[in-house]
Structures are given as C-alpha cells and as structure tokens.
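As stored in query-v1.tsv (TSV, C-alpha atoms):
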chain	number	residue	atom	x	y	z
A	1443	MET	CA	0.00	0.00	0.00
A	1444	THR	CA	2.98	2.31	0.44
A	1445	ALA	CA	3.64	2.23	-3.30
A	1446	VAL	CA	-0.01	3.02	-4.03
A	1447	GLN	CA	0.06	6.00	-1.66
A	1448	ALA	CA	3.21	7.33	-3.32
A	1449	ARG	CA	1.56	6.92	-6.73
A	1450	LEU	CA	-1.53	8.81	-5.56
A	1451	ARG	CA	0.56	11.68	-4.18
A	1452	ALA	CA	2.41	12.00	-7.50
A	1453	LEU	CA	-0.81	11.98	-9.52
A	1454	GLN	CA	-2.50	14.51	-7.25
A	1455	ARG	CA	0.47	16.88	-7.49
A	1456	ARG	CA	0.35	16.54	-11.28
A	1457	ALA	CA	-3.40	17.26	-11.31
A	1458	ALA	CA	-2.87	20.38	-9.19
A	1459	ARG	CA	-0.40	21.73	-11.77
A	1460	GLN	CA	-2.63	20.86	-14.72
A	1461	ALA	CA	-5.70	22.60	-13.27
A	1462	GLY	CA	-4.22	25.98	-14.12
A	1463	PRO	CA	-3.35	29.05	-12.03
A	1464	TYR	CA	-5.78	30.54	-9.54
A	1465	ASP	CA	-7.72	33.60	-10.71
A	1466	ALA	CA	-8.06	35.95	-7.72
A	1467	ALA	CA	-10.66	38.11	-9.44
A	1468	ALA	CA	-13.01	35.25	-10.34
A	1469	ARG	CA	-12.01	33.25	-7.24
A	1470	THR	CA	-11.60	30.12	-9.29
A	1471	ARG	CA	-9.05	28.21	-11.33
A	1472	GLN	CA	-8.89	28.03	-15.08
A	1473	GLN	CA	-10.99	25.51	-16.92
A	1474	PRO	CA	-9.44	22.05	-16.55
A	1475	SER	CA	-7.57	20.72	-19.53
A	1476	ASN	CA	-7.89	17.32	-21.18
A	1477	ARG	CA	-4.67	16.28	-19.49
A	1478	TRP	CA	-6.17	17.18	-16.11
A	1479	ARG	CA	-9.22	15.01	-16.89
A	1480	ARG	CA	-7.00	12.08	-17.88
A	1481	THR	CA	-5.03	12.46	-14.66
A	1482	GLN	CA	-8.28	12.41	-12.66
A	1483	GLN	CA	-9.24	9.17	-14.38
A	1484	ARG	CA	-5.88	7.67	-13.43
A	1485	ILE	CA	-6.40	8.79	-9.84
A	1486	GLY	CA	-9.79	7.08	-9.80
A	1487	ARG	CA	-8.33	3.84	-11.17
A	1488	THR	CA	-5.54	3.95	-8.58
A	1489	HIS	CA	-8.06	4.38	-5.76
A	1490	ALA	CA	-10.09	1.44	-7.10
A	1491	HIS	CA	-6.97	-0.73	-7.33
A	1492	ALA	CA	-5.97	0.14	-3.75
A	1493	ALA	CA	-9.46	-0.75	-2.49
A	1494	ALA	CA	-9.38	-4.07	-4.33
A	1495	VAL	CA	-5.95	-4.96	-2.93
A	1496	ARG	CA	-7.07	-4.03	0.59
A	1497	ARG	CA	-10.25	-6.10	0.37
A	1498	ASP	CA	-8.42	-9.10	-1.07
A	1499	GLY	CA	-5.91	-9.02	1.78
A	1500	VAL	CA	-8.63	-8.74	4.43
A	1501	HIS	CA	-10.56	-11.64	2.88
A	1502	LYS	CA	-7.52	-13.90	2.84
A	1503	ALA	CA	-6.51	-13.02	6.41
A	1504	THR	CA	-9.98	-13.51	7.89
A	1505	THR	CA	-10.48	-16.79	6.03
A	1506	THR	CA	-7.19	-18.14	7.38
A	1507	LEU	CA	-8.10	-17.11	10.94
A	1508	ALA	CA	-11.58	-18.61	10.79
A	1509	GLN	CA	-10.31	-21.90	9.35
A	1510	ARG	CA	-7.25	-22.42	11.57
A	1511	HIS	CA	-8.45	-21.23	14.99
A	1512	GLN	CA	-11.36	-22.33	17.11
A	1513	VAL	CA	-11.56	-19.09	19.13
A	1514	ILE	CA	-10.86	-15.60	17.75
A	1515	VAL	CA	-10.85	-12.50	19.96
A	1516	VAL	CA	-11.25	-8.98	18.60
A	1517	GLU	CA	-11.69	-5.59	20.23
A	1518	THR	CA	-14.58	-3.32	19.28
A	1519	LEU	CA	-12.44	-0.19	19.26
A	1520	ASN	CA	-13.85	3.27	18.60
A	1521	ALA	CA	-11.62	3.87	15.56
A	1522	ALA	CA	-13.47	7.04	14.56
A	1523	GLY	CA	-12.92	8.53	18.01
A	1524	MET	CA	-9.25	7.57	17.92
A	1525	ARG	CA	-8.85	9.60	14.70
A	1526	SER	CA	-10.91	12.61	15.79
A	1527	ALA	CA	-8.14	14.52	17.60
A	1528	GLY	CA	-4.47	15.20	17.03
A	1529	GLY	CA	-4.53	16.72	13.55
A	1530	ALA	CA	-1.23	16.67	11.69
A	1531	TYR	CA	0.61	15.32	14.74
A	1532	LYS	CA	-1.02	11.89	14.29
A	1533	ARG	CA	-1.58	11.99	10.54
A	1534	GLY	CA	0.31	8.74	10.03
A	1535	LEU	CA	-1.66	6.94	12.75
A	1536	ASN	CA	-4.97	8.18	11.36
A	1537	ARG	CA	-4.04	7.00	7.88
A	1538	ALA	CA	-2.98	3.59	9.22
A	1539	LEU	CA	-6.23	3.18	11.17
A	1540	ALA	CA	-8.32	4.05	8.15
A	1541	ASP	CA	-6.30	1.73	5.91
A	1542	ALA	CA	-6.57	-1.19	8.37
A	1543	ALA	CA	-10.36	-1.43	7.90
A	1544	LEU	CA	-10.91	-2.68	11.45
A	1545	ALA	CA	-14.70	-2.71	11.22
A	1546	GLU	CA	-14.59	-4.67	7.94
A	1547	ILE	CA	-12.28	-7.26	9.51
A	1548	ARG	CA	-14.69	-7.74	12.41
A	1549	ARG	CA	-17.66	-7.96	10.03
A	1550	MET	CA	-16.00	-10.65	7.89
A	1551	LEU	CA	-14.94	-12.64	10.94
A	1552	GLY	CA	-18.53	-12.49	12.16
A	1553	TYR	CA	-19.93	-14.60	9.30
A	1554	LYS	CA	-16.82	-16.63	8.49
A	1555	THR	CA	-16.60	-18.00	12.03
A	1556	ARG	CA	-20.15	-19.29	11.53
A	1557	TRP	CA	-19.13	-20.86	8.23
A	1558	TYR	CA	-16.18	-22.75	9.64
A	1559	GLY	CA	-17.58	-23.60	13.09
A	1560	SER	CA	-15.30	-21.36	15.16
A	1561	VAL	CA	-16.20	-18.79	17.82
A	1562	LEU	CA	-15.77	-15.01	17.64
A	1563	VAL	CA	-15.42	-13.20	20.96
A	1564	GLU	CA	-15.75	-9.41	20.89
A	1565	ALA	CA	-14.17	-7.50	23.75
A	1566	ASP	CA	-16.03	-4.34	24.64
A	1567	ARG	CA	-14.28	-1.06	23.77
A	1568	TRP	CA	-14.02	-0.31	27.51
A	1569	TYR	CA	-12.31	-3.62	28.30
A	1570	PRO	CA	-8.91	-2.62	29.80
A	1571	SER	CA	-6.78	-5.10	27.87
A	1572	SER	CA	-3.69	-2.86	27.89
A	1573	LYS	CA	-4.16	-1.46	31.39
A	1574	THR	CA	-4.62	-4.84	33.09
A	1575	CYS	CA	-1.55	-6.68	34.35
A	1576	SER	CA	-1.38	-10.13	32.78
A	1577	ALA	CA	0.36	-11.51	35.89
A	1578	CYS	CA	-1.64	-10.19	38.87
A	1579	GLN	CA	-4.71	-8.71	37.09
A	1580	ALA	CA	-4.15	-5.28	38.69
A	1581	VAL	CA	-5.47	-2.40	36.58
A	1582	LYS	CA	-3.48	0.80	36.00
A	1583	THR	CA	-5.47	4.00	36.22
A	1584	LYS	CA	-3.54	5.75	33.46
A	1585	LEU	CA	-1.61	4.38	30.48
A	1586	SER	CA	-0.88	6.69	27.57
A	1587	LEU	CA	-0.20	5.58	24.00
A	1588	ALA	CA	3.39	6.75	24.42
A	1589	ASP	CA	3.96	4.04	27.09
A	1590	ARG	CA	4.99	1.07	24.96
A	1591	VAL	CA	6.14	-1.00	27.96
A	1592	PHE	CA	3.61	-1.98	30.62
A	1593	ALA	CA	5.07	-1.64	34.13
A	1594	CYS	CA	2.83	-3.00	36.88
A	1595	ASP	CA	2.83	-0.96	40.09
A	1596	ASN	CA	1.53	-3.94	42.07
A	1597	CYS	CA	3.79	-6.89	41.16
A	1598	GLY	CA	6.56	-5.11	39.24
A	1599	LEU	CA	5.98	-6.93	35.94
A	1600	GLN	CA	7.48	-5.22	32.88
A	1601	ILE	CA	6.23	-6.44	29.53
A	1602	ASP	CA	5.57	-5.10	26.05
A	1603	ARG	CA	2.27	-3.25	25.98
A	1604	ASP	CA	0.81	-5.14	23.01
A	1605	LEU	CA	1.96	-8.52	24.32
A	1606	ASN	CA	0.34	-7.80	27.67
A	1607	ALA	CA	-2.94	-6.90	25.94
A	1608	ALA	CA	-2.73	-10.02	23.78
A	1609	ILE	CA	-2.41	-12.26	26.85
A	1610	ASN	CA	-5.42	-10.63	28.49
A	1611	LEU	CA	-7.51	-10.98	25.33
A	1612	ALA	CA	-6.50	-14.63	24.98
A	1613	ARG	CA	-7.71	-15.31	28.51
A	1614	LEU	CA	-10.94	-13.50	27.75
A	1615	GLY	CA	-11.47	-15.79	24.78
A	1616	GLU	CA	-10.87	-18.88	26.94
A	1617	THR	CA	-13.47	-17.79	29.50
A	1618	ARG	CA	-16.14	-16.66	27.04
A	1619	SER	CA	-15.80	-19.27	24.31
A	1620	GLY	CA	-17.66	-21.82	26.44
A	1621	GLU	CA	-20.54	-19.43	27.08
A	1622	GLN	CA	-21.68	-19.33	23.44
A	1623	SER	CA	-21.99	-21.81	20.62
A	1624	PRO	CA	-20.33	-21.23	17.23
A	1625	THR	CA	-23.71	-20.22	15.76
A	1626	GLU	CA	-23.85	-17.31	18.22
A	1627	SER	CA	-20.49	-15.89	17.23
A	1628	GLY	CA	-20.33	-12.14	16.87
A	1629	SER	CA	-22.93	-9.43	17.02
A	1630	VAL	CA	-22.46	-8.56	13.35
A	1631	ALA	CA	-22.29	-12.06	11.92
A	1632	GLY	CA	-23.91	-12.84	8.62
A	1633	ARG	CA	-24.34	-9.33	7.20
A	1634	GLY	CA	-23.46	-9.08	3.54
A	1635	ALA	CA	-23.46	-12.85	2.86
A	1636	ASN	CA	-25.55	-14.56	0.19
A	1637	GLN	CA	-25.76	-18.01	-1.36
A	1638	GLU	CA	-24.18	-17.75	-4.76
A	1639	THR	CA	-20.95	-19.76	-4.57
A	1640	ASP	CA	-18.97	-21.84	-2.13
A	1641	PRO	CA	-16.32	-19.95	-0.13
A	1642	ALA	CA	-12.73	-20.10	-1.30
A	1643	SER	CA	-10.16	-22.00	0.72
A	1644	ALA	CA	-7.48	-20.19	2.71
A	1645	GLY	CA	-5.01	-18.48	0.44
A	1646	ASP	CA	-7.36	-18.23	-2.54
A	1647	ALA	CA	-8.92	-14.99	-3.62
A	1648	GLY	CA	-11.25	-13.98	-0.81
A	1649	GLY	CA	-13.66	-12.14	-3.06
A	1650	TYR	CA	-15.36	-15.40	-4.08
A	1651	GLU	CA	-16.52	-16.18	-0.54
A	1652	THR	CA	-20.23	-15.44	-0.65
A	1653	SER	CA	-22.12	-18.39	0.82
A	1654	THR	CA	-22.31	-20.98	3.58
A	1655	PRO	CA	-19.60	-23.64	3.08
A	1656	HIS	CA	-19.69	-27.40	3.30
A	1657	ASN	CA	-17.44	-29.39	5.62
A	1658	THR	CA	-13.83	-28.20	5.54
A	1659	ALA	CA	-10.62	-29.64	6.86
A	1660	GLY	CA	-9.95	-26.53	8.92
A	1661	VAL	CA	-12.78	-27.20	11.37
A	1662	GLY	CA	-11.67	-28.91	14.53
A	1663	GLN	CA	-8.26	-27.32	14.84
A	1664	THR	CA	-7.90	-25.32	18.00
A	1665	GLY	CA	-6.06	-22.14	18.93
A	1666	THR	CA	-6.61	-18.54	19.80
A	1667	ALA	CA	-6.04	-15.59	17.53
A	1668	VAL	CA	-5.64	-12.26	19.27
A	1669	SER	CA	-6.02	-8.72	18.03
A	1670	GLN	CA	-3.05	-6.66	19.15
A	1671	GLY	CA	-4.31	-3.26	18.16
A	1672	THR	CA	-4.26	-0.21	20.36
A	1673	ALA	CA	-6.45	-0.73	23.39
A	1674	ALA	CA	-7.78	1.65	25.97
Could you render the structure from this file as structure tokens?
Amino acid sequence: MTAVQARLRALQRRAARQAGPYDAAARTRQQPSNRWRRTQQRIGRTHAHAAAVRRDGVHKATTTLAQRHQVIVVETLNAAGMRSAGGAYKRGLNRALADAALAEIRRMLGYKTRWYGSVLVEADRWYPSSKTCSACQAVKTKLSLADRVFACDNCGLQIDRDLNAAINLARLGETRSGEQSPTESGSVAGRGANQETDPASAGDAGGYETSTPHNTAGVGQTGTAVSQGTAA
C-alpha cells in the first residue's frame, strides 16, 4: 500500500499543476484541460486498485483465521474517536487506522466464524486489555499511548504493551468461548453474505466467498487468535 500511496501523491500533485493558475478576481481556477481530466481518471483507477488490494488481503486473512483457529478474539475499538483529535501530529496513525479497515475485519470474521464452526469473541471497547496486568490482574489508572512497555505498580511486571494486551484478550477468549456456541459468534455475523458460490479455501482470492460452506478440513483445529491493536 505504500507504493499506491506514493503513486496517488504524485498523480494529485500533477493534477494540481494541470488545473491551471488561480484567478483571484473570479475566485476560481482556469478551466481544466484534457490532461487534467485524464489524470483524474488515473487517480480514480488507482483508488479502485488500492481498495481491491485491501479487500483481497482482508478476505484472505480472515479466512485463514476462521479456518485455523477455534476461538478468535477482537476488540470493538472506537476507531473514529481515535482519529478525531491530534490533527497533523497523528496523521500517520490516522491513515494507518483508516487503511486497516478494522470494522470490515470484524464484520467478515462475524460470518466466516459461523461458516467454519469457530467462535468469535468481541471484547467491549471499555475492556482494559492494555491497562490490566497479565500476571496479577491489577489495573493501572492511566496508560498513555506513548507508554509502549507496561510496568505493573503492584507486582513489578514489565512487559511489552501489546503482548500484555494479547495475553489478556486470549484469557478473555478462553473464558467466554464456552458461554456461546459457534452459531452465536459475533454481534455482526452474517451481514453481507448470500448463497451464490462456495467460499474459497485459505489463500485463494477472498472475493469469491459469498455463501455458507460445506465441511472443511480446517474445522476442529484449535487455537486462539488475538487482536493486538491499540487498546484503551
């Protein structure tokens, strides 16, 4: 995606030059040229290609998770709220959050876990996965995003912030997976699915997955997949 972003920046700079100089009297730019229109078409095709690449990658990743793991834990993070403040100081983080398509990943896992007989556990956005000590379960009152190492004030444990959150989410999946059957996985399961074709196997193009599958070899394998995104 880095190459696509660089391509978009180059095309947008070219389009800005081709639009013509700004007319202060009319408060507008000159009429766009044919070259400007062709550049806009190339920008549109580049955006469409980036969206297709992103969706293909999300499909393949979610299919692999649903097939290979019996329990999958995700966090229902408020991604829009995380991008609302900071401005240019967190421009890179905001772009990464938007490009990650967190809500789309959770939506796909919702119906694919039903297809392959696994369980999706959704941790509430207020679940303190990063603030809770994975050793003694003590909860820190404050933990900023700048603190990349979790230091417990109670037992003295020092551990990577994301690893600590992953351990807590894995334990949450172990405790909640027995409380629901695979058919109850996820609050957003099943949206967007239809019954046109059989789903593709892991590694194939994910865009062909549009219906309920038959028996697959992936069902029955156990494990826990953990989201290690930024937690509260």
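For the pair CA of Arg1456 in chain A and CA of Trp1478 in chain A, the interatomic distance is 8.1 Å.
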I'd like the neighbourhood of range 1564-1569 of chain A as a PyMOL selection string, where a residue qualifies if any of its atoms comes within 6 Å (using all atoms listed in the file), though same-chain residues fewer than 4 positions away should be ignored.
chain A and resi 1515-1519
Quote the spacing between CA of His1491 in chain A and CA of Arg1449 in chain A in Å to one decimal place.
11.5 Å
Between CA of His1511 in chain A and CA of Leu1562 in chain A, distance in Å (one decimal)
10.0 Å
Name the residues within 12 Å of (-10.8, -1.7, 31.1), counting all atoms listed in the file in the file's coordinates, and put them as number ranges by chain.
A: 1517, 1565-1575, 1579-1585, 1607, 1610-1611, 1673-1674
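Near (-6.6, 11.3, -11.9), the residues that fall inside 12 Å on the basis of only C-alpha atoms are Arg1449, Leu1450, Arg1451, Ala1452, Leu1453, Gln1454, Arg1455, Arg1456, Ala1457, Ala1458, Gln1460, Ala1461, Asn1476, Arg1477, Trp1478, Arg1479, Arg1480, Thr1481, Gln1482, Gln1483, Arg1484, Ile1485, Gly1486, Arg1487, Thr1488, His1489 and Ala1490 of chain A.
With only C-alpha atoms as the atoms that count, the residue of A:Leu1587, A:Ala1577, A:Val1561, A:Val1446 with the shortest distance to Leu1507 in chain A is A:Val1561.
Nearest-residue note for Lys1502 in chain A: choosing from A:Met1550, A:Ala1468, A:Leu1539, A:Cys1594, the minimum distance belongs to A:Met1550, counting all atoms listed in the file.
Nearest residue to Ala1608 in chain A among A:Gln1473, A:Asn1596, A:Ala1494, A:Ser1576 is A:Ser1576, counting all atoms listed in the file.
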Kindly output range 1588-1609 of chain A as a PDB file, in the frame of the given file, after building N, CA and C atoms.
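Once written, result.pdb looks like this:
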ATOM      1  N   ALA A1588       1.926   6.629  24.486  1.00  0.00           N
ATOM      2  CA  ALA A1588       3.390   6.750  24.420  1.00  0.00           C
ATOM      3  C   ALA A1588       4.077   5.679  25.267  1.00  0.00           C
ATOM      4  N   ASP A1589       3.382   5.080  26.231  1.00  0.00           N
ATOM      5  CA  ASP A1589       3.960   4.040  27.090  1.00  0.00           C
ATOM      6  C   ASP A1589       3.880   2.713  26.359  1.00  0.00           C
ATOM      7  N   ARG A1590       4.980   2.316  25.729  1.00  0.00           N
ATOM      8  CA  ARG A1590       4.990   1.070  24.960  1.00  0.00           C
ATOM      9  C   ARG A1590       5.358  -0.132  25.817  1.00  0.00           C
ATOM     10  N   VAL A1591       5.818   0.081  27.032  1.00  0.00           N
ATOM     11  CA  VAL A1591       6.140  -1.000  27.960  1.00  0.00           C
ATOM     12  C   VAL A1591       5.211  -0.881  29.159  1.00  0.00           C
ATOM     13  N   PHE A1592       4.515  -1.977  29.480  1.00  0.00           N
ATOM     14  CA  PHE A1592       3.610  -1.980  30.620  1.00  0.00           C
ATOM     15  C   PHE A1592       4.425  -2.324  31.873  1.00  0.00           C
ATOM     16  N   ALA A1593       4.391  -1.431  32.855  1.00  0.00           N
ATOM     17  CA  ALA A1593       5.070  -1.640  34.130  1.00  0.00           C
ATOM     18  C   ALA A1593       4.018  -1.681  35.231  1.00  0.00           C
ATOM     19  N   CYS A1594       3.851  -2.836  35.856  1.00  0.00           N
ATOM     20  CA  CYS A1594       2.830  -3.000  36.880  1.00  0.00           C
ATOM     21  C   CYS A1594       3.322  -2.400  38.203  1.00  0.00           C
ATOM     22  N   ASP A1595       2.497  -1.561  38.808  1.00  0.00           N
ATOM     23  CA  ASP A1595       2.830  -0.960  40.090  1.00  0.00           C
ATOM     24  C   ASP A1595       2.597  -1.918  41.252  1.00  0.00           C
ATOM     25  N   ASN A1596       1.868  -3.004  40.995  1.00  0.00           N
ATOM     26  CA  ASN A1596       1.530  -3.940  42.070  1.00  0.00           C
ATOM     27  C   ASN A1596       2.548  -5.068  42.215  1.00  0.00           C
ATOM     28  N   CYS A1597       2.867  -5.746  41.101  1.00  0.00           N
ATOM     29  CA  CYS A1597       3.790  -6.890  41.160  1.00  0.00           C
ATOM     30  C   CYS A1597       5.136  -6.606  40.508  1.00  0.00           C
ATOM     31  N   GLY A1598       5.290  -5.468  39.858  1.00  0.00           N
ATOM     32  CA  GLY A1598       6.560  -5.110  39.240  1.00  0.00           C
ATOM     33  C   GLY A1598       6.806  -5.710  37.874  1.00  0.00           C
ATOM     34  N   LEU A1599       5.808  -6.325  37.255  1.00  0.00           N
ATOM     35  CA  LEU A1599       5.980  -6.930  35.940  1.00  0.00           C
ATOM     36  C   LEU A1599       6.240  -5.852  34.889  1.00  0.00           C
ATOM     37  N   GLN A1600       7.207  -6.096  34.018  1.00  0.00           N
ATOM     38  CA  GLN A1600       7.480  -5.220  32.880  1.00  0.00           C
ATOM     39  C   GLN A1600       7.402  -6.052  31.612  1.00  0.00           C
ATOM     40  N   ILE A1601       6.502  -5.654  30.723  1.00  0.00           N
ATOM     41  CA  ILE A1601       6.230  -6.440  29.530  1.00  0.00           C
ATOM     42  C   ILE A1601       5.790  -5.497  28.421  1.00  0.00           C
ATOM     43  N   ASP A1602       6.007  -5.905  27.184  1.00  0.00           N
ATOM     44  CA  ASP A1602       5.570  -5.100  26.050  1.00  0.00           C
ATOM     45  C   ASP A1602       4.074  -4.855  26.128  1.00  0.00           C
ATOM     46  N   ARG A1603       3.672  -3.653  25.837  1.00  0.00           N
ATOM     47  CA  ARG A1603       2.270  -3.250  25.980  1.00  0.00           C
ATOM     48  C   ARG A1603       1.338  -4.132  25.154  1.00  0.00           C
ATOM     49  N   ASP A1604       1.674  -4.347  23.886  1.00  0.00           N
ATOM     50  CA  ASP A1604       0.810  -5.140  23.010  1.00  0.00           C
ATOM     51  C   ASP A1604       0.785  -6.606  23.420  1.00  0.00           C
ATOM     52  N   LEU A1605       1.918  -7.133  23.858  1.00  0.00           N
ATOM     53  CA  LEU A1605       1.960  -8.520  24.320  1.00  0.00           C
ATOM     54  C   LEU A1605       1.108  -8.698  25.569  1.00  0.00           C
ATOM     55  N   ASN A1606       1.161  -7.740  26.471  1.00  0.00           N
ATOM     56  CA  ASN A1606       0.340  -7.800  27.670  1.00  0.00           C
ATOM     57  C   ASN A1606      -1.146  -7.795  27.319  1.00  0.00           C
ATOM     58  N   ALA A1607      -1.545  -6.934  26.373  1.00  0.00           N
ATOM     59  CA  ALA A1607      -2.940  -6.900  25.940  1.00  0.00           C
ATOM     60  C   ALA A1607      -3.342  -8.189  25.252  1.00  0.00           C
ATOM     61  N   ALA A1608      -2.432  -8.775  24.481  1.00  0.00           N
ATOM     62  CA  ALA A1608      -2.730 -10.020  23.780  1.00  0.00           C
ATOM     63  C   ALA A1608      -2.993 -11.156  24.771  1.00  0.00           C
ATOM     64  N   ILE A1609      -2.210 -11.222  25.830  1.00  0.00           N
ATOM     65  CA  ILE A1609      -2.410 -12.260  26.850  1.00  0.00           C
ATOM     66  C   ILE A1609      -3.767 -12.106  27.523  1.00  0.00           C
TER      67      ILE A1609
END
